[in-house]
>>> print(open('data_15.cif').read())   # mmCIF, C-alpha atoms and all ligand atoms
data_input
#
loop_
_atom_site.label_atom_id
_atom_site.label_comp_id
_atom_site.auth_asym_id
_atom_site.auth_seq_id
_atom_site.Cartn_x
_atom_site.Cartn_y
_atom_site.Cartn_z
CA MET H 1 -43.79 -69.60 42.57
CA SER H 2 -41.02 -67.07 42.09
CA ASP H 3 -40.78 -64.09 44.45
CA LEU H 4 -44.11 -62.30 44.72
CA ILE H 5 -44.48 -58.65 45.70
CA LEU H 6 -47.88 -57.03 46.26
CA HIS H 7 -47.85 -53.30 45.55
CA GLN H 8 -50.79 -52.08 47.58
CA ASP H 9 -52.58 -49.56 49.74
CA PRO H 10 -53.80 -51.62 52.71
CA ARG H 11 -57.14 -49.75 52.84
CA SER H 12 -58.04 -50.90 49.32
CA GLY H 13 -60.43 -53.82 48.91
CA ASN H 14 -58.96 -54.55 45.49
CA CYS H 15 -55.57 -55.08 47.15
CA TYR H 16 -57.14 -57.10 49.96
CA LYS H 17 -58.55 -59.61 47.41
CA ILE H 18 -54.99 -60.59 46.50
CA ALA H 19 -53.76 -60.69 50.10
CA LEU H 20 -56.76 -62.85 51.06
CA THR H 21 -56.28 -65.23 48.13
CA ALA H 22 -52.61 -65.65 49.05
CA ALA H 23 -53.46 -66.18 52.74
CA LEU H 24 -56.11 -68.82 52.00
CA LEU H 25 -53.60 -70.65 49.80
CA GLY H 26 -50.64 -70.21 52.16
CA ILE H 27 -48.63 -68.28 49.56
CA PRO H 28 -46.15 -65.79 51.05
CA LEU H 29 -46.19 -62.23 49.66
CA THR H 30 -43.78 -59.37 50.16
CA ILE H 31 -45.78 -56.17 50.71
CA ARG H 32 -44.90 -52.74 49.34
CA ASP H 33 -47.24 -50.01 50.61
CA TYR H 34 -48.31 -46.82 48.82
CA ASP H 35 -50.64 -44.04 49.99
CA ILE H 36 -53.12 -43.38 47.18
CA MET H 37 -54.43 -40.31 49.03
CA LYS H 38 -50.97 -38.75 48.55
CA GLY H 39 -50.79 -39.66 44.86
CA GLU H 40 -48.02 -42.20 45.39
CA THR H 41 -49.26 -44.33 42.46
CA ARG H 42 -49.14 -41.33 40.12
CA THR H 43 -45.42 -40.54 40.33
CA PRO H 44 -43.32 -40.77 37.15
CA ASP H 45 -41.38 -43.71 38.65
CA PHE H 46 -44.53 -45.68 39.52
CA LEU H 47 -46.05 -45.01 36.08
CA ALA H 48 -42.86 -46.07 34.33
CA ASP H 49 -41.87 -49.04 36.48
CA VAL H 50 -45.01 -50.52 38.10
CA ASN H 51 -48.29 -49.62 36.35
CA GLY H 52 -48.79 -47.07 33.59
CA ASN H 53 -52.46 -46.99 34.67
CA GLY H 54 -51.43 -45.30 37.94
CA ARG H 55 -53.27 -47.69 40.23
CA ILE H 56 -52.72 -50.40 42.77
CA PRO H 57 -52.96 -53.34 43.26
CA VAL H 58 -50.11 -54.69 41.17
CA LEU H 59 -48.73 -58.17 41.73
CA GLN H 60 -45.06 -58.33 40.86
CA ILE H 61 -43.86 -61.77 39.81
CA GLY H 62 -40.09 -61.64 39.48
CA ASP H 63 -39.54 -58.89 36.93
CA LYS H 64 -43.12 -58.98 35.56
CA PHE H 65 -45.94 -56.70 36.76
CA LEU H 66 -49.61 -57.75 36.82
CA PRO H 67 -52.17 -55.00 37.54
CA GLU H 68 -55.92 -55.65 38.02
CA SER H 69 -56.94 -57.38 41.23
CA ASN H 70 -58.94 -60.20 39.70
CA ALA H 71 -56.20 -61.08 37.20
CA ALA H 72 -53.68 -61.25 40.05
CA CYS H 73 -56.02 -63.48 42.10
CA TRP H 74 -56.40 -65.75 39.07
CA TYR H 75 -52.61 -65.98 38.70
CA LEU H 76 -52.27 -67.08 42.33
CA ALA H 77 -55.21 -69.47 42.44
CA GLN H 78 -54.94 -71.46 39.21
CA GLY H 79 -54.72 -75.15 40.06
CA SER H 80 -56.17 -74.64 43.55
CA PRO H 81 -59.74 -75.29 44.80
CA LEU H 82 -60.40 -71.52 44.50
CA VAL H 83 -60.66 -72.10 40.72
CA PRO H 84 -62.88 -75.12 40.03
CA ASP H 85 -61.76 -77.74 37.48
CA ASP H 86 -65.19 -77.96 35.87
CA ARG H 87 -65.32 -75.89 32.68
CA PHE H 88 -68.75 -74.35 33.31
CA GLN H 89 -67.96 -73.56 36.95
CA GLN H 90 -64.69 -71.93 35.93
CA ALA H 91 -66.57 -69.63 33.54
CA ASP H 92 -69.18 -69.02 36.26
CA VAL H 93 -66.42 -67.83 38.62
CA LEU H 94 -65.32 -65.38 35.91
CA ARG H 95 -68.93 -64.29 35.44
CA TRP H 96 -69.14 -63.20 39.12
CA MET H 97 -65.69 -61.57 38.94
CA PHE H 98 -66.79 -59.51 35.92
CA PHE H 99 -70.04 -58.68 37.74
CA GLU H 100 -67.95 -57.50 40.66
CA GLN H 101 -65.91 -55.16 38.48
CA TYR H 102 -68.85 -53.79 36.48
CA ASN H 103 -71.89 -53.74 38.80
CA HIS H 104 -70.50 -53.90 42.33
CA GLU H 105 -67.10 -52.26 42.78
CA PRO H 106 -67.78 -49.03 40.83
CA ASN H 107 -70.74 -48.38 43.15
CA VAL H 108 -70.09 -50.06 46.50
CA ALA H 109 -66.33 -49.37 46.62
CA THR H 110 -66.56 -45.89 45.13
CA LEU H 111 -69.13 -44.74 47.70
CA ARG H 112 -66.94 -46.17 50.48
CA PHE H 113 -63.96 -44.27 49.10
CA TRP H 114 -65.89 -41.02 48.75
CA LEU H 115 -67.70 -41.13 52.09
CA ARG H 116 -65.07 -42.72 54.34
CA PHE H 117 -61.77 -41.55 52.88
CA ILE H 118 -62.53 -38.27 51.09
CA GLY H 119 -65.54 -37.14 53.16
CA GLN H 120 -68.93 -36.03 51.87
CA ASP H 121 -68.23 -32.32 52.47
CA LYS H 122 -65.09 -32.49 50.30
CA LEU H 123 -66.71 -34.15 47.28
CA SER H 124 -67.10 -32.18 44.06
CA ASP H 125 -70.57 -31.19 42.88
CA ALA H 126 -70.31 -33.84 40.16
CA GLN H 127 -69.49 -36.53 42.75
CA GLN H 128 -72.33 -35.40 45.05
CA ALA H 129 -74.73 -35.64 42.12
CA GLN H 130 -73.69 -39.23 41.43
CA ILE H 131 -74.32 -40.50 44.98
CA PRO H 132 -78.01 -41.48 44.56
CA ALA H 133 -77.35 -43.39 41.33
CA LYS H 134 -74.36 -45.18 42.83
CA ARG H 135 -76.34 -46.09 45.93
CA ALA H 136 -79.19 -47.49 43.80
CA ALA H 137 -76.80 -49.47 41.59
CA GLY H 138 -74.86 -50.77 44.62
CA ASP H 139 -78.10 -51.85 46.30
CA ALA H 140 -79.14 -53.62 43.09
CA ALA H 141 -75.87 -55.57 43.09
CA LEU H 142 -76.23 -56.48 46.79
CA LYS H 143 -79.85 -57.55 46.21
CA LEU H 144 -78.82 -59.84 43.37
CA MET H 145 -76.12 -61.37 45.56
CA ASP H 146 -78.59 -61.82 48.42
CA GLY H 147 -81.03 -63.65 46.15
CA HIS H 148 -78.29 -66.00 44.96
CA LEU H 149 -77.00 -66.61 48.49
CA ALA H 150 -80.50 -67.31 49.82
CA ARG H 151 -80.43 -70.42 47.62
CA ASN H 152 -76.70 -71.27 47.68
CA ASP H 153 -73.98 -71.19 50.33
CA TRP H 154 -71.37 -70.03 47.80
CA PHE H 155 -71.40 -68.18 44.48
CA VAL H 156 -70.17 -71.21 42.54
CA GLY H 157 -70.18 -74.87 43.60
CA GLU H 158 -69.93 -76.18 47.13
CA GLY H 159 -67.05 -74.14 48.56
CA ALA H 160 -65.31 -70.77 48.46
CA THR H 161 -63.85 -69.74 45.08
CA LEU H 162 -62.36 -66.57 43.66
CA ALA H 163 -65.94 -65.41 43.00
CA ASP H 164 -66.49 -65.24 46.76
CA ILE H 165 -63.15 -63.53 47.40
CA ALA H 166 -63.76 -60.88 44.73
CA LEU H 167 -67.21 -60.08 46.09
CA PHE H 168 -66.25 -60.32 49.77
CA ALA H 169 -63.62 -57.58 49.59
CA TYR H 170 -65.94 -54.57 49.34
CA THR H 171 -69.18 -56.20 50.52
CA HIS H 172 -67.90 -56.76 54.06
CA VAL H 173 -67.10 -53.05 54.39
CA CYS H 174 -70.11 -51.75 52.42
CA GLU H 175 -71.57 -50.02 55.48
CA GLN H 176 -68.64 -47.59 55.25
CA GLY H 177 -70.24 -46.53 51.96
CA SER H 178 -73.69 -46.10 53.57
CA PHE H 179 -75.13 -49.48 52.50
CA ALA H 180 -77.11 -51.42 55.12
CA LEU H 181 -76.11 -55.08 55.54
CA ASP H 182 -79.26 -55.71 57.57
CA ASP H 183 -81.16 -55.42 54.29
CA TYR H 184 -79.26 -58.48 53.02
CA PRO H 185 -79.51 -61.35 55.54
CA ALA H 186 -78.19 -64.06 53.20
CA VAL H 187 -75.17 -61.86 52.40
CA ARG H 188 -74.56 -61.45 56.14
CA ARG H 189 -74.54 -65.24 56.67
CA TRP H 190 -72.16 -65.69 53.71
CA LEU H 191 -69.80 -63.03 55.13
CA ALA H 192 -69.61 -65.11 58.32
CA ARG H 193 -68.86 -68.27 56.30
CA MET H 194 -66.05 -66.46 54.50
CA ALA H 195 -64.54 -65.15 57.74
CA ALA H 196 -64.51 -68.74 59.07
CA GLN H 197 -62.38 -70.07 56.19
CA PRO H 198 -59.06 -71.62 57.30
CA GLY H 199 -56.26 -69.10 56.73
CA PHE H 200 -58.65 -66.11 56.57
CA VAL H 201 -57.03 -62.74 57.25
CA ALA H 202 -58.91 -59.53 58.02
CA MET H 203 -58.48 -56.35 55.98
CA GLU H 204 -56.69 -53.34 57.46
CA GLN H 205 -59.19 -50.47 57.46
N1 LIG T 1 -59.92 -52.56 38.28
C1 LIG T 1 -58.80 -52.30 39.14
C2 LIG T 1 -59.10 -51.07 39.98
C3 LIG T 1 -57.84 -50.49 40.62
C4 LIG T 1 -58.15 -49.24 41.41
O1 LIG T 1 -59.17 -48.55 41.19
N2 LIG T 1 -57.26 -48.91 42.34
C5 LIG T 1 -57.45 -47.77 43.20
C6 LIG T 1 -57.47 -48.19 44.66
S1 LIG T 1 -58.69 -49.40 44.99
C7 LIG T 1 -56.27 -46.80 43.01
O2 LIG T 1 -55.15 -47.23 42.80
N3 LIG T 1 -56.52 -45.51 43.11
C8 LIG T 1 -55.48 -44.52 43.08
C9 LIG T 1 -55.53 -43.65 41.87
O3 LIG T 1 -56.37 -43.88 40.98
O4 LIG T 1 -54.73 -42.72 41.84
C10 LIG T 1 -58.53 -53.54 40.01
O5 LIG T 1 -59.45 -54.34 40.22
O6 LIG T 1 -57.40 -53.71 40.47
#
>>> encode(input="data_15.cif", output="structure tokens", more="lines below")
Ligand SMILES: N[C@@H](CCC(=O)N[C@@H](CS)C(=O)NCC(=O)O)C(=O)O
Amino acid sequence: MSDLILHQDPRSGNCYKIALTAALLGIPLTIRDYDIMKGETRTPDFLADVNGNGRIPVLQIGDKFLPESNAACWYLAQGSPLVPDDRFQQADVLRWMFFEQYNHEPNVATLRFWLRFIGQDKLSDAQQAQIPAKRAAGDAALKLMDGHLARNDWFVGEGATLADIALFAYTHVCEQGSFALDDYPAVRRWLARMAAQPGFVAMEQ
């Protein structure tokens, strides 16, 4: 692969998905750090040169820029065991990655960001009002995952895939967003299986 640069904030689970995918595959990345709390992804230069959407992660491949964590993971993992060859299983990996972006991340990751990084006392009234709904929706996503993992070791097939990486990123730190992992014993066991994968790297928190 040509030179790869990960534009990231190391506290972000979305960025960690890409770093973890690269680590599991032994792909070297150059890291460029930004502090999202200081608005460093909202500067005119970042918007013009890196991502007009004002967000990290962005995977830079030579002179091309690829935002969206799951798209970047897909770019790195095509042709590896993290993306199964089987046509149905490939679509099933995407199904869990879309689930992650629609049902899981907007609830589990957002509550972590609000409670751990902003702080409950600094949230706006509108954010405070959304906490119960986000907690209920996040718990619903974790419950669905727990049910699946009570019957299967992995989300798709017989080994770790991008579905597991996408869902691992914010699930393993969900307690920082006031979710209780003890409520989800099969998720807990799966987190341990993920952490035991050869090449696994921990997230900076
Ligand atoms: N769907 C995007 C979400 C990207 C995202 O929300 N990034 C956050 C950090 S995790 C960010 O850059 N926030 C800074 C901002 O919005 O100014 C992905 O999966 O990459």
>>> closest_atom_pairs(input="data_15.cif", of="chain H", to="ligand LIG 1 (chain T)", cutoff="9 Å", atoms="only C-alpha atoms and all ligand atoms", output="tab-separated table")
residue	atom	partner	partner_atom	distance
H:Gln8	CA	T:LIG1	O2	8.1
H:Asp9	CA	T:LIG1	C6	7.2
H:Arg11	CA	T:LIG1	S1	8.0
H:Ser12	CA	T:LIG1	S1	4.6
H:Gly13	CA	T:LIG1	S1	6.2
H:Asn14	CA	T:LIG1	S1	5.2
H:Cys15	CA	T:LIG1	S1	6.8
H:Lys17	CA	T:LIG1	O5	9.0
H:Asp35	CA	T:LIG1	C8	8.5
H:Ile36	CA	T:LIG1	C8	4.9
H:Met37	CA	T:LIG1	C8	7.4
H:Lys38	CA	T:LIG1	O4	8.7
H:Gly39	CA	T:LIG1	O4	5.8
H:Glu40	CA	T:LIG1	O4	7.6
H:Thr41	CA	T:LIG1	O4	5.7
H:Arg42	CA	T:LIG1	O4	6.0
H:Asn53	CA	T:LIG1	O3	8.0
H:Gly54	CA	T:LIG1	O4	5.7
H:Arg55	CA	T:LIG1	O2	3.2
H:Ile56	CA	T:LIG1	O2	4.0
H:Pro57	CA	T:LIG1	O6	5.3
H:Val58	CA	T:LIG1	O6	7.4
H:Pro67	CA	T:LIG1	O6	6.1
H:Glu68	CA	T:LIG1	O6	3.5
H:Ser69	CA	T:LIG1	O6	3.8
H:Asn70	CA	T:LIG1	O5	5.9
H:Ala71	CA	T:LIG1	O5	8.1
H:Ala72	CA	T:LIG1	O6	8.4
H:Gln101	CA	T:LIG1	N1	6.5
H:Glu105	CA	T:LIG1	O5	8.3
H:Pro106	CA	T:LIG1	O1	8.6
H:Ala109	CA	T:LIG1	S1	7.8
H:Thr110	CA	T:LIG1	S1	8.6
H:Phe113	CA	T:LIG1	S1	8.4
>>> closest_residue(input="data_15.cif", among="H:Phe155, H:Phe65, H:Tyr75, H:Trp114", to="Val93 of chain H", atoms="all atoms listed in the file")
H:Phe155
>>> closest_residue(input="data_15.cif", among="H:His7, H:Arg95, H:His104, H:Arg32", to="Leu144 of chain H", atoms="all atoms listed in the file")
H:His104
>>> closest_atom_pairs(input="data_15.cif", of="segment 52-136 of chain H", to="segment 167-181 of chain H", cutoff="7 Å", atoms="only C-alpha atoms", output="CSV")
residue,atom,partner,partner_atom,distance
H:Glu100,CA,H:Leu167,CA,6.1
H:Val108,CA,H:Cys174,CA,6.2
H:Ala109,CA,H:Tyr170,CA,5.9
H:Leu111,CA,H:Gly177,CA,4.8
H:Arg112,CA,H:Gly177,CA,3.6
H:Leu115,CA,H:Gly177,CA,6.0
H:Arg116,CA,H:Gln176,CA,6.1
>>> atom_distance(input="data_15.cif", atom1="atom CA of Glu158 of chain H", atom2="atom CA of Leu20 of chain H")
19.1 Å
>>> closest_residue(input="data_15.cif", among="H:Ala136, H:Leu123, H:Lys64, H:Ile27", to="Val50 of chain H", atoms="only C-alpha atoms")
H:Lys64
>>> atom_distance(input="data_15.cif", atom1="atom CA of Ala160 of chain H", atom2="atom CA of Glu204 of chain H")
21.4 Å
>>> atom_distance(input="data_15.cif", atom1="atom CA of Val187 of chain H", atom2="atom CA of Ala22 of chain H")
23.1 Å
>>> closest_residue(input="data_15.cif", among="H:His148, H:Asp139, H:Ala77, H:Ile131", to="Trp96 of chain H", atoms="all atoms listed in the file")
H:His148
>>> residues_around(input="data_15.cif", residues="Gly26 of chain H", least_positions_apart="6", cutoff="12 Å", atoms="all atoms listed in the file", output="list in words")
Met1, Ile18, Ala19, Leu20, Leu76, Ala77, Ser80, Pro198, Gly199, Phe200 and Val201 of chain H
>>> residues_around(input="data_15.cif", residues="Asn103 of chain H", least_positions_apart="4", cutoff="8 Å", atoms="all atoms listed in the file", output="VMD selection string")
chain H and resid 99 107 137 to 138 141
